[in-house]
Amino acid sequence: MRILAVIFCLVMSTLTVFGENRFPRPQFEKGYSMPETAVPVPRSALLESLDVAVLVLALSLAAWLVLRKRSRRGVFLLTIFSLIYFGFWRKGCICSIGAIQNVTLWLVDNQYALPLSAAAFFVLPLVFALMFGRVFCAAVCPLGTLQDAMVLFPVKVPSPVARALSLVPYIYLGLGVLFTATGAAFVICRLDPFVPLFRMSGELPILMTGVVLLLLGIFVARPYCRFLCPFSVLLNWMSRFSKWHATITPDECVKCRLCEKACPFDAILVPNAGQVSEPRVTGSRRLVLLLVLLPFLVIGGGWAGSRLDVVFARENATVRLADTIRLQDQSALNELAFERETFEGSGKKIEELYKQAGILRSRFRTGGWIFGGFTGMVFGFFLIGGSVKRTREFYEPDRGACLSCARCFMSCPKERQRNKIITN
Amino acid sequence: MELFEKKGKDGKKNKPQSRRDFIRSVMRGVFLAVFGIFSGAVLLGRRCSRAGGADNGRACTGCPDLSKCKLGYDSLARPVSKRRTVWQLDPAKCIQCGRCATNCVLESSAVKCVHRFEMCGYCKLCFGFFQPGAGSLTSAAENQLCPTGAIRRRFVDEPYYEYTIDESLCIGCGKCVKTCGAFGNGSLVLQVRHDRCVNCNECSIARNCPAGAYSRVPADQPYLIKSALKVS
């Protein structure tokens with residue numbers, strides 16, 4: 001039998017035609033009905049439109065609950081619904097955070113068709129933030145709502161630490177856009193810590209990161225939202241210019257200090273009238289100095305970013321293959337055995353591969369300049385923001401950082417009065 | 001703000017506040033305009049099209065050759081509601097490396113072996129079914145190539161046998177696809193099964209595919225099988 005098989009193989013290998021009718025289809029004598037190859041269809045377009053409709057409804061409801069109804073209970077119930085629908089039912093995909101990359105790819109790649117759902121999931125939360133504040137974060141985002149359920153014993157993160165960590169989302173956003181634009185990968189999706197929990201399967205390190213973040217979230221409220229989420233950067237910007245925004249008190253602030261500890265995300269700004277003691281001229285001088293420093297930070301950051309092109313470019317499969325072949329690194333070559341097999345089978349010349357890798361690397365260099373410049377600029381504005389002191393008379397939410405979760409409302413005696421919980 | 005303090009003090013008490021509001025509303029207008037342009041471009045923008053189609057054969061900028069378009073230029077010229085895509089692998093590029101079985105985000109990969117019956121030779125000695133050098137041509141476990149025994153062998157007519165794939169057992173490793181393609185008719189191919197695939201924003205297998213066989217394909221033509229299979 002074995003010999004037969006070997007002979008058969010030898011005969012077959014002489015045939016030049018790949019596949020296709022080496023053995024003609026038999027003519028069956030008896031009535032034989034050939035089974036049909038099943039081709040299960042993807043999720044229907046109707047259901048995809050339903051996702052967008054549910055998103056619009058959830059956002060509208062969230063805005064109404066936060067701004068009009070001022071109901072924490074309502075927001076909480078909507079949170080549960082969103083977690084079930086967008087999280088466990090839709091498995092967290094597509095989400096607004098990942099849609100940043102779809103939009104980036106659409107901008108740089110002429111052959112990429114942006115699906116309607118990706119476009120809607122990107123733009124709708126931003127438009128709502130521009131109108132009503134970050135209601136998307138409050139009750140719609142599956143990643144946010146999952147962490148929101150874990151806010152049990154929130155502690156205050158020391159403010160210098162929190163401020164420094166709030167730079168991380170900017171860098172993450174920059175890297176996410178850079179890697180998408182250079183055709184390396186959708187890193188934001190790949191490193192999404194909570195999607196494996198929704199799917200109940202996934203890569204172990206990422207699954208573990210998700211679990212650790214959730215456990216951390218018991219004390220540090222919503223760690224991913226505040227210190228990692230790249231979409232939070234855009235929502236933060238939009239929310240600063242929002243037309244309406246959640247207020248702590250339904251009336252005028254009486255400065256009773258009762259709301260001071262109500263926010264688990266440290267997003268309540270404390271009145272500082274009469275506390276800014278430094279002379280005005282010192283502040284102005286510092287501001288001018290920082291503004292002069294800004295271009296240097298941008299250029300310095302850009303230069304540093306462009307130096308990282310070798311590191312970044314390794315994320316791209318073509319560059320990785322070219323580098324490995326050029327360096328003849330044996331262990332890496334073994335790892336890329338299948339990639340080499342494909343390349344050698346394609347009949348391309350090695351010079352062609354090197355040239356292609358060179359083009360890609362130069363794209364990473366340009367991208368590195370932009371990414372580094374962006375990081376430098378963010379750092380510059382971070383310094384400026386830290387040095388400009390605004391006078392505040394009353395307790396108010398930090399429009400950029402406030403997640404509109406409605407937790408602080410009931411701490412306000414005026415709100416309790418409004419709800420007839422206390423009289424007088 | 002301190003720079004402008006003097007200006008504010010000259011006027012009414014609430015003037016700095018209203019200036020801030022003014023800046024806010026201007027910026028809001030700018031961003032709304034940006035989102036409006038974005039939405040318009042997404043909804044109305046068409047990029048490529050076949051000759052005689054919507055834009056009469058206009059290629060995307062930078063696209064050298066319409067026939068080499070990754071997605072199929074027709075789908076780019078479609079209205080946005082029909083521009084849905086799903087992931088699929090091209091059997092012509094597939095080298096059966098086995099990564100489909102291990103790189104999917106799902107516990108049991110969404111990639112399965114698909115049998116195109118109309119191409120099958122119904123061989124008694126099926127190279128997809130039997131281990132190379134199998135002792136006898138029976139469906140005993142030690143003779144089978146499939147690590148999970150997902151291929152079912154049924155006698156039809158001497159010397160012909162019918163082979164069907166049990167997709168609940170198939171892990172998408174492609175071992176049978178490799179041997180069937182090398183020595184047989186190549187009627188077995190790997191395909192992403194869309195009743196299982198969750199259509200990740202970026203397919204985890206696509207990222208790791210050494211042959212670059214994966215691509216986003218239009219959702220109404222979700223399979224890349226050569227024969228004329230139609231979606232019901």
# chains A, B, ... in the order shown; residues from 1 in each chain; ligands from 1

$ residues_around --residues "Arg73 in chain A" --least-positions-apart "4" --cutoff "9 Å" --atoms "only C-alpha atoms" --output "PyMOL selection string"
chain A and resi 77-78+406

$ interface_residues --of "chain A" --to "chain B" --cutoff "6 Å" --atoms "only C-alpha atoms" --output "ChimeraX atom specification"
/A:2,19-25,40-42,110,113,115-116,201-202,241,338-339,342

$ write_last_selection --atoms "C-alpha atoms" --output "CSV table (one decimal), in the first residue's frame"
chain,number,residue,atom,x,y,z
A,2,ARG,CA,2.8,2.3,1.0
A,19,GLY,CA,-5.5,20.7,-8.4
A,20,GLU,CA,-8.4,20.6,-10.9
A,21,ASN,CA,-9.6,17.3,-12.2
A,22,ARG,CA,-6.7,14.9,-11.7
A,23,PHE,CA,-9.5,12.4,-11.0
A,24,PRO,CA,-12.6,13.1,-13.1
A,25,ARG,CA,-15.9,13.2,-11.3
A,40,PRO,CA,-23.6,30.4,5.8
A,41,VAL,CA,-24.2,34.1,5.3
A,42,PRO,CA,-22.8,36.9,7.4
A,110,ASN,CA,-7.9,54.9,-1.3
A,113,ALA,CA,-14.3,51.3,2.0
A,115,PRO,CA,-18.4,50.7,6.5
A,116,LEU,CA,-21.4,52.7,7.6
A,201,SER,CA,-11.9,33.8,24.6
A,202,GLY,CA,-8.8,35.5,23.4
A,241,PHE,CA,-16.8,72.9,23.8
A,338,PHE,CA,6.1,30.3,6.2
A,339,GLU,CA,6.6,33.9,5.2
A,342,THR,CA,5.4,32.5,0.4

$ select_by_dssp --residues "range 39-226 of chain B" --states "alpha helix (DSSP H)" --output "ChimeraX atom specification"
/B:39-44,73-76,99-103,175-183,204-208

$ select_by_dssp --residues "range 7-222 of chain B" --states "strand (DSSP E or B)" --output "PDB file with C-alpha atoms, in the first residue's frame"
ATOM      1  CA  THR B  85     -17.223  43.945   4.416  1.00  0.00           C
ATOM      2  CA  VAL B  86     -16.320  40.631   6.020  1.00  0.00           C
ATOM      3  CA  TRP B  87     -13.017  38.753   6.247  1.00  0.00           C
ATOM      4  CA  GLN B  88     -12.229  35.941   3.869  1.00  0.00           C
ATOM      5  CA  LEU B  89      -9.154  34.030   2.769  1.00  0.00           C
ATOM      6  CA  VAL B 111     -12.038  29.013   9.644  1.00  0.00           C
ATOM      7  CA  LYS B 112     -13.208  25.589   8.564  1.00  0.00           C
ATOM      8  CA  CYS B 113     -12.427  23.183   5.804  1.00  0.00           C
ATOM      9  CA  VAL B 114     -15.065  23.409   3.078  1.00  0.00           C
ATOM     10  CA  HIS B 115     -15.669  20.575   0.648  1.00  0.00           C
ATOM     11  CA  PHE B 130      -5.755   9.091   4.929  1.00  0.00           C
ATOM     12  CA  GLN B 144      -6.926   9.292   9.418  1.00  0.00           C
ATOM     13  CA  ILE B 151     -13.928  14.107   7.899  1.00  0.00           C
ATOM     14  CA  ARG B 152     -16.689  11.541   7.484  1.00  0.00           C
ATOM     15  CA  ARG B 153     -16.216   8.826   4.858  1.00  0.00           C
ATOM     16  CA  ARG B 154     -19.265   7.150   3.360  1.00  0.00           C
ATOM     17  CA  PHE B 155     -19.392   4.413   0.726  1.00  0.00           C
ATOM     18  CA  VAL B 156     -21.354   5.406  -2.364  1.00  0.00           C
ATOM     19  CA  ASP B 157     -20.532   3.039  -5.196  1.00  0.00           C
ATOM     20  CA  TYR B 160     -16.218   5.652  -4.779  1.00  0.00           C
ATOM     21  CA  TYR B 161     -16.541   7.241  -1.374  1.00  0.00           C
ATOM     22  CA  GLU B 162     -18.137  10.485  -0.312  1.00  0.00           C
ATOM     23  CA  TYR B 163     -16.334  12.728   2.149  1.00  0.00           C
ATOM     24  CA  THR B 164     -18.119  15.299   4.290  1.00  0.00           C
ATOM     25  CA  ILE B 165     -16.725  17.700   6.866  1.00  0.00           C
ATOM     26  CA  LEU B 188     -10.985  20.827  -0.031  1.00  0.00           C
ATOM     27  CA  VAL B 189     -10.332  24.481   0.800  1.00  0.00           C
ATOM     28  CA  LEU B 190     -10.206  26.607   3.920  1.00  0.00           C
ATOM     29  CA  GLN B 191     -12.824  29.339   4.266  1.00  0.00           C
ATOM     30  CA  VAL B 192     -13.972  31.698   6.992  1.00  0.00           C
ATOM     31  CA  TYR B 214      -6.822  37.375   3.975  1.00  0.00           C
ATOM     32  CA  SER B 215      -8.711  40.435   2.869  1.00  0.00           C
ATOM     33  CA  ARG B 216     -11.925  42.289   3.499  1.00  0.00           C
ATOM     34  CA  VAL B 217     -14.469  41.185   0.919  1.00  0.00           C
ATOM     35  CA  PRO B 218     -17.940  42.588   0.194  1.00  0.00           C
TER      36      PRO B 218
END

$ residues_around --residues "Val140 in chain A" --least-positions-apart "2" --cutoff "9 Å" --atoms "only C-alpha atoms" --output "ChimeraX atom specification"
/A:55,58-59,62,78-79,81-83,86,135-138,142-145

$ write_last_selection --atoms "N, CA and C atoms" --output "mmCIF file, in the first residue's frame"
data_model
loop_
_atom_site.group_PDB
_atom_site.id
_atom_site.type_symbol
_atom_site.label_atom_id
_atom_site.label_comp_id
_atom_site.auth_asym_id
_atom_site.auth_seq_id
_atom_site.Cartn_x
_atom_site.Cartn_y
_atom_site.Cartn_z
ATOM 1 N N LEU A 55 -27.472 52.673 18.963
ATOM 2 C CA LEU A 55 -26.472 53.634 19.429
ATOM 3 C C LEU A 55 -27.085 55.021 19.549
ATOM 4 N N ALA A 58 -29.545 55.087 22.465
ATOM 5 C CA ALA A 58 -28.868 55.040 23.766
ATOM 6 C C ALA A 58 -28.209 56.375 24.081
ATOM 7 N N LEU A 59 -27.599 57.002 23.066
ATOM 8 C CA LEU A 59 -26.957 58.298 23.289
ATOM 9 C C LEU A 59 -27.989 59.359 23.647
ATOM 10 N N ALA A 62 -29.264 58.730 27.114
ATOM 11 C CA ALA A 62 -28.245 59.095 28.102
ATOM 12 C C ALA A 62 -28.222 60.608 28.303
ATOM 13 N N LEU A 78 -29.422 52.220 32.090
ATOM 14 C CA LEU A 78 -28.959 52.303 30.697
ATOM 15 C C LEU A 78 -27.565 51.678 30.556
ATOM 16 N N THR A 79 -26.747 51.881 31.595
ATOM 17 C CA THR A 79 -25.410 51.276 31.629
ATOM 18 C C THR A 79 -25.497 49.757 31.496
ATOM 19 N N PHE A 81 -27.986 48.029 30.269
ATOM 20 C CA PHE A 81 -28.463 47.679 28.924
ATOM 21 C C PHE A 81 -27.318 47.727 27.914
ATOM 22 N N SER A 82 -26.545 48.807 27.947
ATOM 23 C CA SER A 82 -25.447 48.964 26.978
ATOM 24 C C SER A 82 -24.414 47.859 27.139
ATOM 25 N N LEU A 83 -24.145 47.515 28.403
ATOM 26 C CA LEU A 83 -23.162 46.466 28.662
ATOM 27 C C LEU A 83 -23.624 45.151 28.045
ATOM 28 N N PHE A 86 -24.117 46.123 23.662
ATOM 29 C CA PHE A 86 -22.870 46.385 22.928
ATOM 30 C C PHE A 86 -21.732 45.491 23.402
ATOM 31 N N VAL A 135 -21.671 61.921 27.319
ATOM 32 C CA VAL A 135 -22.730 60.982 27.689
ATOM 33 C C VAL A 135 -22.438 59.582 27.152
ATOM 34 N N PHE A 136 -21.634 59.521 26.085
ATOM 35 C CA PHE A 136 -21.246 58.215 25.541
ATOM 36 C C PHE A 136 -20.492 57.417 26.599
ATOM 37 N N CYS A 137 -19.535 58.089 27.263
ATOM 38 C CA CYS A 137 -18.759 57.412 28.308
ATOM 39 C C CYS A 137 -19.650 57.012 29.470
ATOM 40 N N ALA A 138 -20.634 57.878 29.773
ATOM 41 C CA ALA A 138 -21.462 57.655 30.956
ATOM 42 C C ALA A 138 -22.214 56.339 30.861
ATOM 43 N N PRO A 142 -19.333 50.105 25.854
ATOM 44 C CA PRO A 142 -19.302 48.837 26.589
ATOM 45 C C PRO A 142 -18.080 48.705 27.501
ATOM 46 N N LEU A 143 -16.951 49.280 27.076
ATOM 47 C CA LEU A 143 -15.759 49.183 27.905
ATOM 48 C C LEU A 143 -15.915 50.019 29.170
ATOM 49 N N GLY A 144 -16.531 51.195 28.996
ATOM 50 C CA GLY A 144 -16.752 52.075 30.138
ATOM 51 C C GLY A 144 -17.760 51.503 31.104
ATOM 52 N N THR A 145 -18.865 50.965 30.566
ATOM 53 C CA THR A 145 -19.915 50.476 31.449
ATOM 54 C C THR A 145 -19.451 49.246 32.224
#

$ closest_residue --among "A:Cys93, A:Ala184, A:Gly274, A:Ser242" --to "Phe22 in chain B" --atoms "only C-alpha atoms"
A:Ser242

$ closest_residue --among "A:Leu360, A:Leu289, A:Leu333, A:Val254" --to "Val310 in chain A" --atoms "only C-alpha atoms"
A:Leu360

$ closest_residue --among "B:Thr138, B:Asn143, B:Gln131, B:Ser109" --to "Cys176 in chain B" --atoms "only C-alpha atoms"
B:Gln131

$ decode --residues "range 244-262 of chain A" --atoms "N, CA and C atoms" --output "PDB file, in the first residue's frame"
ATOM      1  N   TRP A 244     -24.310  72.080  25.974  1.00  0.00           N
ATOM      2  CA  TRP A 244     -24.852  71.867  27.313  1.00  0.00           C
ATOM      3  C   TRP A 244     -23.945  70.882  28.015  1.00  0.00           C
ATOM      4  N   HIS A 245     -23.919  70.919  29.323  1.00  0.00           N
ATOM      5  CA  HIS A 245     -23.116  69.954  30.063  1.00  0.00           C
ATOM      6  C   HIS A 245     -23.764  69.707  31.404  1.00  0.00           C
ATOM      7  N   ALA A 246     -23.580  68.503  31.911  1.00  0.00           N
ATOM      8  CA  ALA A 246     -24.113  68.177  33.229  1.00  0.00           C
ATOM      9  C   ALA A 246     -23.564  69.153  34.264  1.00  0.00           C
ATOM     10  N   THR A 247     -24.401  69.583  35.175  1.00  0.00           N
ATOM     11  CA  THR A 247     -23.940  70.430  36.268  1.00  0.00           C
ATOM     12  C   THR A 247     -24.141  69.664  37.566  1.00  0.00           C
ATOM     13  N   ILE A 248     -23.303  70.002  38.566  1.00  0.00           N
ATOM     14  CA  ILE A 248     -23.427  69.283  39.840  1.00  0.00           C
ATOM     15  C   ILE A 248     -24.741  69.665  40.514  1.00  0.00           C
ATOM     16  N   THR A 249     -25.013  70.955  40.519  1.00  0.00           N
ATOM     17  CA  THR A 249     -26.217  71.428  41.193  1.00  0.00           C
ATOM     18  C   THR A 249     -27.263  71.855  40.159  1.00  0.00           C
ATOM     19  N   PRO A 250     -28.538  71.622  40.454  1.00  0.00           N
ATOM     20  CA  PRO A 250     -29.570  72.058  39.517  1.00  0.00           C
ATOM     21  C   PRO A 250     -29.819  73.565  39.626  1.00  0.00           C
ATOM     22  N   ASP A 251     -29.257  74.151  40.658  1.00  0.00           N
ATOM     23  CA  ASP A 251     -29.545  75.540  40.997  1.00  0.00           C
ATOM     24  C   ASP A 251     -28.219  76.290  41.077  1.00  0.00           C
ATOM     25  N   GLU A 252     -28.134  77.245  41.961  1.00  0.00           N
ATOM     26  CA  GLU A 252     -26.867  77.930  42.159  1.00  0.00           C
ATOM     27  C   GLU A 252     -26.075  77.229  43.256  1.00  0.00           C
ATOM     28  N   CYS A 253     -24.768  77.131  43.029  1.00  0.00           N
ATOM     29  CA  CYS A 253     -23.908  76.443  43.994  1.00  0.00           C
ATOM     30  C   CYS A 253     -23.849  77.240  45.297  1.00  0.00           C
ATOM     31  N   VAL A 254     -24.031  76.540  46.415  1.00  0.00           N
ATOM     32  CA  VAL A 254     -23.950  77.232  47.709  1.00  0.00           C
ATOM     33  C   VAL A 254     -22.605  76.984  48.391  1.00  0.00           C
ATOM     34  N   LYS A 255     -21.709  76.322  47.672  1.00  0.00           N
ATOM     35  CA  LYS A 255     -20.359  76.038  48.182  1.00  0.00           C
ATOM     36  C   LYS A 255     -20.389  75.329  49.531  1.00  0.00           C
ATOM     37  N   CYS A 256     -21.242  74.323  49.622  1.00  0.00           N
ATOM     38  CA  CYS A 256     -21.373  73.597  50.886  1.00  0.00           C
ATOM     39  C   CYS A 256     -20.313  72.516  51.013  1.00  0.00           C
ATOM     40  N   ARG A 257     -19.571  72.241  49.966  1.00  0.00           N
ATOM     41  CA  ARG A 257     -18.484  71.254  49.930  1.00  0.00           C
ATOM     42  C   ARG A 257     -18.963  69.805  50.002  1.00  0.00           C
ATOM     43  N   LEU A 258     -20.270  69.597  49.946  1.00  0.00           N
ATOM     44  CA  LEU A 258     -20.761  68.221  50.082  1.00  0.00           C
ATOM     45  C   LEU A 258     -20.436  67.359  48.858  1.00  0.00           C
ATOM     46  N   CYS A 259     -20.256  67.992  47.699  1.00  0.00           N
ATOM     47  CA  CYS A 259     -19.982  67.205  46.490  1.00  0.00           C
ATOM     48  C   CYS A 259     -18.506  66.875  46.329  1.00  0.00           C
ATOM     49  N   GLU A 260     -17.681  67.449  47.198  1.00  0.00           N
ATOM     50  CA  GLU A 260     -16.230  67.331  47.006  1.00  0.00           C
ATOM     51  C   GLU A 260     -15.758  65.889  46.800  1.00  0.00           C
ATOM     52  N   LYS A 261     -16.361  64.980  47.562  1.00  0.00           N
ATOM     53  CA  LYS A 261     -15.895  63.591  47.473  1.00  0.00           C
ATOM     54  C   LYS A 261     -16.840  62.709  46.669  1.00  0.00           C
ATOM     55  N   ALA A 262     -17.792  63.338  45.978  1.00  0.00           N
ATOM     56  CA  ALA A 262     -18.803  62.538  45.277  1.00  0.00           C
ATOM     57  C   ALA A 262     -18.276  61.926  43.987  1.00  0.00           C
TER      58      ALA A 262
END
